>>> print(open('coords.cif').read())   # mmCIF, C-alpha atoms
data_start
loop_
_atom_site.label_atom_id
_atom_site.label_comp_id
_atom_site.auth_asym_id
_atom_site.auth_seq_id
_atom_site.Cartn_x
_atom_site.Cartn_y
_atom_site.Cartn_z
CA MET M 1 -25.48 25.12 38.25
CA SER M 2 -28.29 27.32 36.98
CA SER M 3 -30.11 26.89 33.70
CA ALA M 4 -28.74 30.22 32.52
CA GLU M 5 -25.20 28.91 32.86
CA HIS M 6 -26.05 25.87 30.79
CA THR M 7 -27.31 27.95 27.86
CA ARG M 8 -23.87 29.55 27.45
CA GLU M 9 -22.52 26.47 25.68
CA PRO M 10 -23.94 23.72 23.42
CA TYR M 11 -25.63 20.76 25.06
CA TYR M 12 -23.35 17.74 24.99
CA LEU M 13 -22.67 14.22 26.22
CA THR M 14 -19.19 12.74 26.39
CA LEU M 15 -18.12 9.88 24.16
CA GLY M 16 -17.17 7.69 27.14
CA TYR M 17 -20.68 7.97 28.52
CA VAL M 18 -22.28 7.17 25.14
CA ALA M 19 -19.84 4.33 24.37
CA PRO M 20 -22.24 1.56 25.53
CA LEU M 21 -24.55 2.46 22.62
CA LEU M 22 -21.74 1.96 20.10
CA GLU M 23 -20.74 -1.27 21.81
CA ALA M 24 -24.32 -2.55 21.73
CA VAL M 25 -24.44 -2.01 17.96
CA ARG M 26 -20.98 -3.49 17.43
CA SER M 27 -21.85 -6.58 19.51
CA GLN M 28 -24.61 -7.39 17.03
CA GLY M 29 -22.11 -7.36 14.18
CA LYS M 30 -23.56 -4.18 12.69
CA PRO M 31 -21.34 -1.53 11.08
CA LEU M 32 -20.70 1.70 12.97
CA ASP M 33 -20.04 3.89 9.93
CA GLY M 34 -23.45 5.54 9.86
CA LEU M 35 -23.48 6.22 13.61
CA LEU M 36 -19.96 7.63 13.59
CA ALA M 37 -20.83 9.95 10.69
CA LEU M 38 -23.98 11.10 12.49
CA LEU M 39 -22.00 11.81 15.67
CA GLY M 40 -19.21 13.55 13.75
CA LEU M 41 -16.64 10.93 14.73
CA SER M 42 -13.91 8.98 12.99
CA ALA M 43 -12.73 5.53 14.04
CA GLY M 44 -9.62 7.17 15.48
CA ASP M 45 -11.75 9.24 17.87
CA LEU M 46 -13.14 6.25 19.75
CA LYS M 47 -10.36 6.27 22.37
CA ARG M 48 -11.04 9.91 23.28
CA SER M 49 -13.52 9.34 26.09
CA ASP M 50 -13.82 13.03 26.99
CA LEU M 51 -14.75 14.10 23.45
CA ARG M 52 -18.00 16.08 23.52
CA LEU M 53 -20.89 15.01 21.30
CA SER M 54 -23.97 17.12 20.58
CA ASP M 55 -26.69 15.51 22.66
CA ARG M 56 -29.15 16.20 19.84
CA SER M 57 -26.97 14.01 17.60
CA VAL M 58 -26.91 11.35 20.36
CA THR M 59 -30.72 11.27 20.32
CA GLN M 60 -30.61 10.84 16.55
CA ALA M 61 -27.99 8.10 16.99
CA PHE M 62 -30.33 6.14 19.25
CA LEU M 63 -33.06 6.33 16.62
CA LEU M 64 -30.65 5.21 13.90
CA ALA M 65 -29.25 2.40 16.07
CA ALA M 66 -32.78 1.13 16.75
CA GLU M 67 -33.31 0.97 12.99
CA ILE M 68 -29.93 -0.63 12.22
CA CYS M 69 -30.37 -3.30 14.90
CA GLN M 70 -34.13 -3.67 14.49
CA ASP M 71 -34.28 -3.19 18.26
CA PRO M 72 -37.21 -1.17 19.65
CA ASN M 73 -35.54 -1.13 23.09
CA ILE M 74 -32.01 -0.16 22.06
CA GLY M 75 -31.64 2.42 24.85
CA LEU M 76 -32.64 -0.09 27.52
CA HIS M 77 -30.24 -2.71 26.15
CA ALA M 78 -27.31 -0.32 25.65
CA GLY M 79 -27.72 1.13 29.15
CA GLN M 80 -27.35 -2.32 30.67
CA GLY M 81 -23.81 -2.34 29.29
CA MET M 82 -22.82 0.73 31.32
CA ASN M 83 -19.97 -0.01 33.72
CA LEU M 84 -17.63 1.90 36.00
CA SER M 85 -14.95 2.19 33.31
CA ASN M 86 -17.31 4.36 31.23
CA ILE M 87 -17.02 7.11 33.84
CA GLY M 88 -13.24 6.96 34.32
CA ILE M 89 -11.78 8.14 37.63
CA LEU M 90 -15.29 8.69 38.98
CA GLY M 91 -15.81 4.94 38.77
CA HIS M 92 -12.82 4.39 41.07
CA LEU M 93 -14.07 7.10 43.40
CA LEU M 94 -17.49 5.44 43.62
CA MET M 95 -15.79 2.23 44.69
CA THR M 96 -14.47 4.00 47.80
CA CYS M 97 -18.04 4.68 48.97
CA THR M 98 -19.35 2.59 51.85
CA GLU M 99 -23.05 3.29 51.43
CA MET M 100 -25.45 4.35 48.72
CA SER M 101 -25.98 7.89 50.03
CA GLN M 102 -22.33 8.67 49.21
CA VAL M 103 -22.78 7.34 45.67
CA MET M 104 -25.81 9.56 45.16
CA ALA M 105 -23.97 12.62 46.52
CA LEU M 106 -21.15 12.04 44.02
CA HIS M 107 -23.68 11.48 41.22
CA THR M 108 -25.25 14.87 41.95
CA ARG M 109 -21.92 16.67 42.22
CA TYR M 110 -20.20 15.31 39.12
CA GLN M 111 -23.06 14.62 36.70
CA THR M 112 -22.25 17.58 34.45
CA LEU M 113 -18.77 16.24 33.74
CA PHE M 114 -20.46 13.81 31.35
CA GLY M 115 -23.25 15.95 29.95
CA ASN M 116 -24.92 19.29 30.54
CA GLY M 117 -28.35 18.97 28.92
CA ALA M 118 -30.12 17.29 31.85
CA LEU M 119 -29.81 17.49 35.62
CA SER M 120 -30.49 14.92 38.35
CA ASP M 121 -31.43 15.58 41.94
CA TYR M 122 -32.65 13.54 44.89
CA GLN M 123 -35.63 14.57 47.04
CA LEU M 124 -35.98 12.94 50.44
CA ALA M 125 -39.22 12.31 52.33
CA THR M 126 -39.81 10.39 55.56
CA GLU M 127 -39.98 6.95 53.96
CA GLN M 128 -39.40 7.60 50.26
CA ALA M 129 -36.68 9.11 48.10
CA VAL M 130 -37.11 10.28 44.52
CA LEU M 131 -34.48 10.67 41.82
CA SER M 132 -35.60 13.26 39.24
CA TRP M 133 -33.88 13.65 35.88
CA ARG M 134 -35.04 16.52 33.73
CA ARG M 135 -33.96 18.46 30.67
CA VAL M 136 -32.59 21.92 31.38
CA ASP M 137 -34.47 24.91 29.99
CA GLU M 138 -34.52 25.24 26.19
CA ALA M 139 -32.71 21.93 25.57
CA PRO M 140 -34.25 19.84 22.76
CA ALA M 141 -36.50 16.98 23.81
CA PHE M 142 -35.14 13.51 24.50
CA CYS M 143 -36.64 10.39 22.93
CA ARG M 144 -37.63 7.28 24.90
CA HIS M 145 -34.28 5.61 24.18
CA ASP M 146 -32.40 8.50 25.87
CA TYR M 147 -34.41 8.11 29.07
CA GLU M 148 -34.23 4.32 29.17
CA PHE M 149 -30.48 4.36 28.40
CA ASN M 150 -29.73 6.78 31.24
CA LEU M 151 -31.89 4.95 33.76
CA ALA M 152 -30.66 1.47 32.77
CA GLY M 153 -27.08 2.78 32.97
CA TRP M 154 -27.73 4.25 36.42
CA ALA M 155 -29.27 0.96 37.57
CA SER M 156 -26.37 -1.04 36.14
CA LEU M 157 -23.81 1.04 38.06
CA ILE M 158 -25.82 0.86 41.30
CA ARG M 159 -26.21 -2.91 41.02
CA ASN M 160 -22.52 -3.29 40.27
CA LEU M 161 -21.61 -1.35 43.40
CA ALA M 162 -24.25 -2.97 45.62
CA GLY M 163 -23.59 -6.52 44.45
CA GLN M 164 -27.31 -7.17 44.03
CA HIS M 165 -30.34 -6.00 42.06
CA LEU M 166 -31.78 -3.20 44.13
CA ARG M 167 -35.27 -2.44 42.85
CA PRO M 168 -37.12 0.90 42.86
CA ASP M 169 -40.83 1.12 43.73
CA LEU M 170 -42.00 3.15 40.74
CA ILE M 171 -40.55 4.70 37.59
CA GLU M 172 -42.18 7.55 35.65
CA PHE M 173 -41.11 8.39 32.09
CA PRO M 174 -42.22 11.68 30.43
CA VAL M 175 -42.62 10.01 27.02
CA PRO M 176 -45.39 7.93 25.40
CA ARG M 177 -45.58 4.26 26.31
CA PRO M 178 -44.28 1.76 23.75
CA GLY M 179 -46.49 -1.13 22.73
CA ASN M 180 -44.81 -3.73 24.95
CA ILE M 181 -42.97 -2.96 28.19
CA GLU M 182 -42.32 -6.49 29.45
CA GLU M 183 -38.54 -6.07 29.07
CA GLN M 184 -38.62 -2.79 30.99
CA ARG M 185 -40.64 -4.38 33.79
CA ARG M 186 -38.34 -7.38 33.94
CA TYR M 187 -35.14 -5.30 34.10
CA PHE M 188 -36.28 -2.63 36.55
CA GLY M 189 -38.57 -4.95 38.54
CA CYS M 190 -41.20 -2.39 39.44
CA GLU M 191 -44.28 -0.53 38.24
CA ILE M 192 -43.54 1.72 35.24
CA ARG M 193 -45.66 4.61 33.99
CA TYR M 194 -45.20 6.39 30.67
CA GLY M 195 -46.53 9.88 29.89
CA GLY M 196 -48.15 12.36 32.25
CA SER M 197 -44.89 13.36 34.00
CA ASP M 198 -42.80 16.48 33.37
CA CYS M 199 -39.52 14.56 33.88
CA MET M 200 -38.18 11.09 34.59
CA ARG M 201 -38.64 10.07 38.22
CA VAL M 202 -37.48 7.03 40.14
CA HIS M 203 -39.22 6.39 43.48
CA PHE M 204 -37.47 4.12 45.98
CA ASP M 205 -37.39 3.27 49.67
CA ARG M 206 -35.31 5.82 51.58
CA LYS M 207 -33.61 2.96 53.43
CA LEU M 208 -31.73 2.29 50.19
CA LEU M 209 -29.57 5.35 51.00
CA GLU M 210 -28.19 3.45 54.00
CA HIS M 211 -27.56 0.29 52.02
CA ALA M 212 -24.00 -0.97 52.59
CA LEU M 213 -22.13 -1.53 49.36
CA PHE M 214 -20.77 -4.86 48.19
CA ALA M 215 -18.09 -6.12 50.62
CA ARG M 216 -15.04 -7.04 48.55
CA ASP M 217 -12.24 -9.25 49.77
CA ALA M 218 -10.61 -7.23 52.58
CA THR M 219 -7.02 -8.20 51.67
CA LEU M 220 -7.54 -7.37 48.01
CA GLN M 221 -9.25 -4.12 48.96
CA GLN M 222 -6.29 -3.10 51.12
CA ALA M 223 -3.85 -3.92 48.31
CA LEU M 224 -5.87 -1.95 45.78
CA ASP M 225 -6.19 0.96 48.19
CA ALA M 226 -2.43 0.99 48.81
CA ALA M 227 -1.75 0.88 45.07
CA ALA M 228 -4.25 3.67 44.42
CA ARG M 229 -2.72 5.83 47.14
CA LYS M 230 0.77 5.28 45.76
CA ARG M 231 -0.45 6.20 42.26
CA LEU M 232 -2.09 9.35 43.58
CA GLN M 233 0.99 10.24 45.60
CA ASP M 234 3.16 9.86 42.50
CA LEU M 235 0.80 12.04 40.48
CA GLN M 236 0.70 14.68 43.18
CA GLY M 237 4.46 14.63 43.64
CA GLU M 238 4.21 14.82 47.42
CA THR M 239 6.77 12.14 48.33
CA GLY M 240 9.33 13.47 50.79
CA GLU M 241 7.41 16.69 51.46
CA ASP M 242 8.15 18.45 54.74
CA MET M 243 4.96 18.09 56.76
CA ASP M 244 6.01 20.06 59.85
CA SER M 245 4.54 23.46 58.98
CA VAL M 246 0.84 24.31 59.05
CA PRO M 247 0.83 25.49 55.39
CA ALA M 248 2.40 22.18 54.29
CA ARG M 249 -0.10 20.16 56.33
CA THR M 250 -2.92 22.23 54.90
CA ARG M 251 -1.74 21.62 51.35
CA HIS M 252 -1.53 17.90 52.05
CA PHE M 253 -5.08 17.91 53.45
CA VAL M 254 -6.42 19.81 50.42
CA ARG M 255 -4.75 17.37 47.99
CA GLN M 256 -6.34 14.40 49.73
CA GLU M 257 -9.82 15.97 49.79
CA LEU M 258 -10.08 17.56 46.35
CA MET M 259 -11.82 14.71 44.56
CA HIS M 260 -14.76 15.15 46.93
CA GLY M 261 -14.89 18.86 46.11
CA PRO M 262 -12.81 21.81 47.38
CA PRO M 263 -12.83 21.44 51.19
CA PRO M 264 -14.05 24.38 53.28
CA ILE M 265 -11.62 25.99 55.68
CA LYS M 266 -13.69 24.79 58.65
CA LYS M 267 -13.03 21.17 57.69
CA ALA M 268 -9.34 21.86 57.11
CA ALA M 269 -8.97 23.47 60.52
CA SER M 270 -10.83 20.64 62.26
CA THR M 271 -8.67 17.99 60.56
CA LEU M 272 -5.49 19.83 61.56
CA GLY M 273 -6.73 20.20 65.15
CA LEU M 274 -6.95 23.99 64.94
CA SER M 275 -9.65 26.59 65.15
CA VAL M 276 -10.52 28.41 61.93
CA ARG M 277 -9.08 31.62 63.39
CA SER M 278 -5.82 29.90 64.35
CA LEU M 279 -5.45 28.35 60.89
CA GLN M 280 -6.10 31.70 59.22
CA ARG M 281 -3.56 33.40 61.48
CA GLN M 282 -0.83 30.83 60.71
CA LEU M 283 -1.48 30.97 56.98
CA ASP M 284 -1.41 34.78 57.13
CA ALA M 285 1.97 34.58 58.84
CA ALA M 286 3.19 32.51 55.87
CA GLY M 287 1.88 35.18 53.48
CA ILE M 288 -1.01 33.19 52.00
CA THR M 289 -4.78 32.90 52.44
CA TYR M 290 -6.67 29.63 52.49
CA LYS M 291 -8.41 30.54 49.22
CA ALA M 292 -5.07 31.30 47.54
CA LEU M 293 -3.57 28.07 48.89
CA LEU M 294 -6.50 26.08 47.52
CA ASP M 295 -6.13 27.75 44.14
CA ASP M 296 -2.36 27.17 44.10
CA VAL M 297 -2.74 23.46 44.93
CA ARG M 298 -5.29 23.05 42.15
CA GLN M 299 -3.08 24.80 39.59
CA THR M 300 0.01 22.80 40.55
CA LEU M 301 -1.84 19.51 40.35
CA ALA M 302 -3.62 20.49 37.13
CA GLU M 303 -0.34 21.12 35.34
CA ARG M 304 1.03 17.82 36.65
CA TYR M 305 -2.05 15.69 35.89
CA ILE M 306 -2.41 17.02 32.34
CA THR M 307 1.01 15.65 31.40
CA HIS M 308 -0.25 12.09 32.04
CA ALA M 309 -1.71 10.79 28.78
CA ASP M 310 -3.72 8.08 30.58
CA LEU M 311 -5.85 10.72 32.32
CA SER M 312 -8.69 12.26 30.32
CA LEU M 313 -9.48 15.93 30.88
CA ILE M 314 -12.69 14.81 32.59
CA ASP M 315 -10.58 12.74 35.01
CA VAL M 316 -8.34 15.76 35.67
CA ALA M 317 -11.33 18.03 36.34
CA LEU M 318 -12.79 15.50 38.76
CA MET M 319 -9.49 14.93 40.58
CA LEU M 320 -9.29 18.68 41.16
CA GLY M 321 -12.83 18.85 42.54
CA PHE M 322 -14.46 20.67 39.61
CA SER M 323 -18.05 19.58 39.12
CA ASN M 324 -18.08 20.48 35.42
CA GLN M 325 -15.55 20.83 32.63
CA SER M 326 -16.41 24.44 31.84
CA SER M 327 -15.40 25.62 35.32
CA PHE M 328 -12.15 23.69 35.03
CA GLN M 329 -11.44 25.15 31.57
CA ARG M 330 -12.04 28.71 32.82
CA ALA M 331 -9.88 28.24 35.92
CA PHE M 332 -7.04 26.65 33.95
CA LYS M 333 -7.05 29.45 31.40
CA ARG M 334 -6.96 31.98 34.23
CA TRP M 335 -3.94 30.21 35.71
CA THR M 336 -1.93 29.61 32.53
CA ALA M 337 -3.50 31.74 29.76
CA ARG M 338 -4.07 28.45 27.88
CA THR M 339 -6.86 25.89 27.71
CA PRO M 340 -6.11 22.43 29.13
CA GLY M 341 -6.02 21.04 25.58
CA GLU M 342 -3.55 23.69 24.44
CA PHE M 343 -1.35 23.07 27.48
CA ARG M 344 -1.42 19.32 26.89
CA HIS M 345 -0.45 19.82 23.24
CA LEU M 346 2.37 22.18 24.27
CA LYS M 347 3.75 19.48 26.57
CA GLY M 348 3.65 16.95 23.73
CA VAL M 349 1.02 14.73 25.35
#
>>> encode(input="coords.cif", output="structure tokens")
Amino acid sequence: MSSAEHTREPYYLTLGYVAPLLEAVRSQGKPLDGLLALLGLSAGDLKRSDLRLSDRSVTQAFLLAAEICQDPNIGLHAGQGMNLSNIGILGHLLMTCTEMSQVMALHTRYQTLFGNGALSDYQLATEQAVLSWRRVDEAPAFCRHDYEFNLAGWASLIRNLAGQHLRPDLIEFPVPRPGNIEEQRRYFGCEIRYGGSDCMRVHFDRKLLEHALFARDATLQQALDAAARKRLQDLQGETGEDMDSVPARTRHFVRQELMHGPPPIKKAASTLGLSVRSLQRQLDAAGITYKALLDDVRQTLAERYITHADLSLIDVALMLGFSNQSSFQRAFKRWTARTPGEFRHLKGV
């Protein structure tokens, strides 16, 4: 997504993503009243993980939390509490990955579901890889706690998935160095430089991309996978569907692939054992194009998913292959003339 697109709406972070900060303060027995007021929240809002918070107010919340807790490294400590549940359905999707390169591809694709004021990307060299995380144009500056929270959270998720503490080679922060960085060195386990960089960068061995993820108990994994597939099947309403026709098989394929992004027609044709031309011809004979079929599947699933109260709107957007909430909102309004929130309210969810 371009910087110009980002400036069309306020910069935000979602409550689910910021939740580890609130939990870090709560775990010290400190009151949350001041932080909630600063973030524009009430106690009743805390279950709404997809609620958008001004990321400027989040920066101010870090500064206030550091003062409340008398903790000069509040971002580092809060980030260590990040877990897969903080990112909803994406957390479950990450657990289907078999190696780190897949995790990083999903990170890049879906990062703006949780905030739009900074963008991450991975640059690959022969032996090294670099994760860069930078503010988008015109966004207000982050403080040190923002950077350390995001990086500690990223590291916590990676270590959770890998089953071990994978260590980078070098970290660069674009903010002044604090007086003592022993905790940062101990947690990240590498050289750390503050100041002199235009963004946050994490340098690591490229071989990390091929790192196999933590091998869970195979029997348990199969049971969980079967349960997850049954849950998805129930949500998609595909039980008993006639799978004989090419359009039906194509719809089934699209449903299964959507969480990884809308699949191109070339991949659909290959999976169905057809050439692209043959698939197009058979869809044409059924009076539909591949693009229209893809759009129709997304709309049908969107209307079904939204009626499930246990799915946040972020989860719904991700399950439909939208890489940001704004694109999902626009598409849903085009389909139904209502926003997802309005549709959900209309259905009594």
>>> resolve_selection(input="coords.cif", expression="the PyMOL selection byres ((chain M and resi 167-170) around 8)", output="list in words")
His165, Leu166, Ile171, Glu172, Phe188, Gly189, Cys190, Glu191, Ile192, Arg193, Val202, His203, Phe204 and Asp205 of chain M
>>> closest_residue(input="coords.cif", among="M:Leu279, M:Val297, M:Ala292, M:Ala37", to="Ala61 (chain M)", atoms="all atoms listed in the file")
M:Ala37
>>> resolve_selection(input="coords.cif", expression="the PyMOL selection byres ((chain M and resi 39) around 9)", output="VMD selection string")
chain M and resid 34 to 38 40 to 42 53 to 54 57 to 58 60 to 61
>>> atom_distance(input="coords.cif", atom1="CA of Tyr305 (chain M)", atom2="CA of Ala105 (chain M)")
24.6 Å
>>> closest_residue(input="coords.cif", among="M:Glu127, M:Asp315, M:Glu342, M:Asp198", to="Ser85 (chain M)", atoms="all atoms listed in the file")
M:Asp315
>>> atom_distance(input="coords.cif", atom1="CA of Ile87 (chain M)", atom2="CA of Tyr17 (chain M)")
6.5 Å
>>> resolve_selection(input="coords.cif", expression="the PyMOL selection byres ((chain M and resi 141-155) around 7)", output="count of residues only")
17
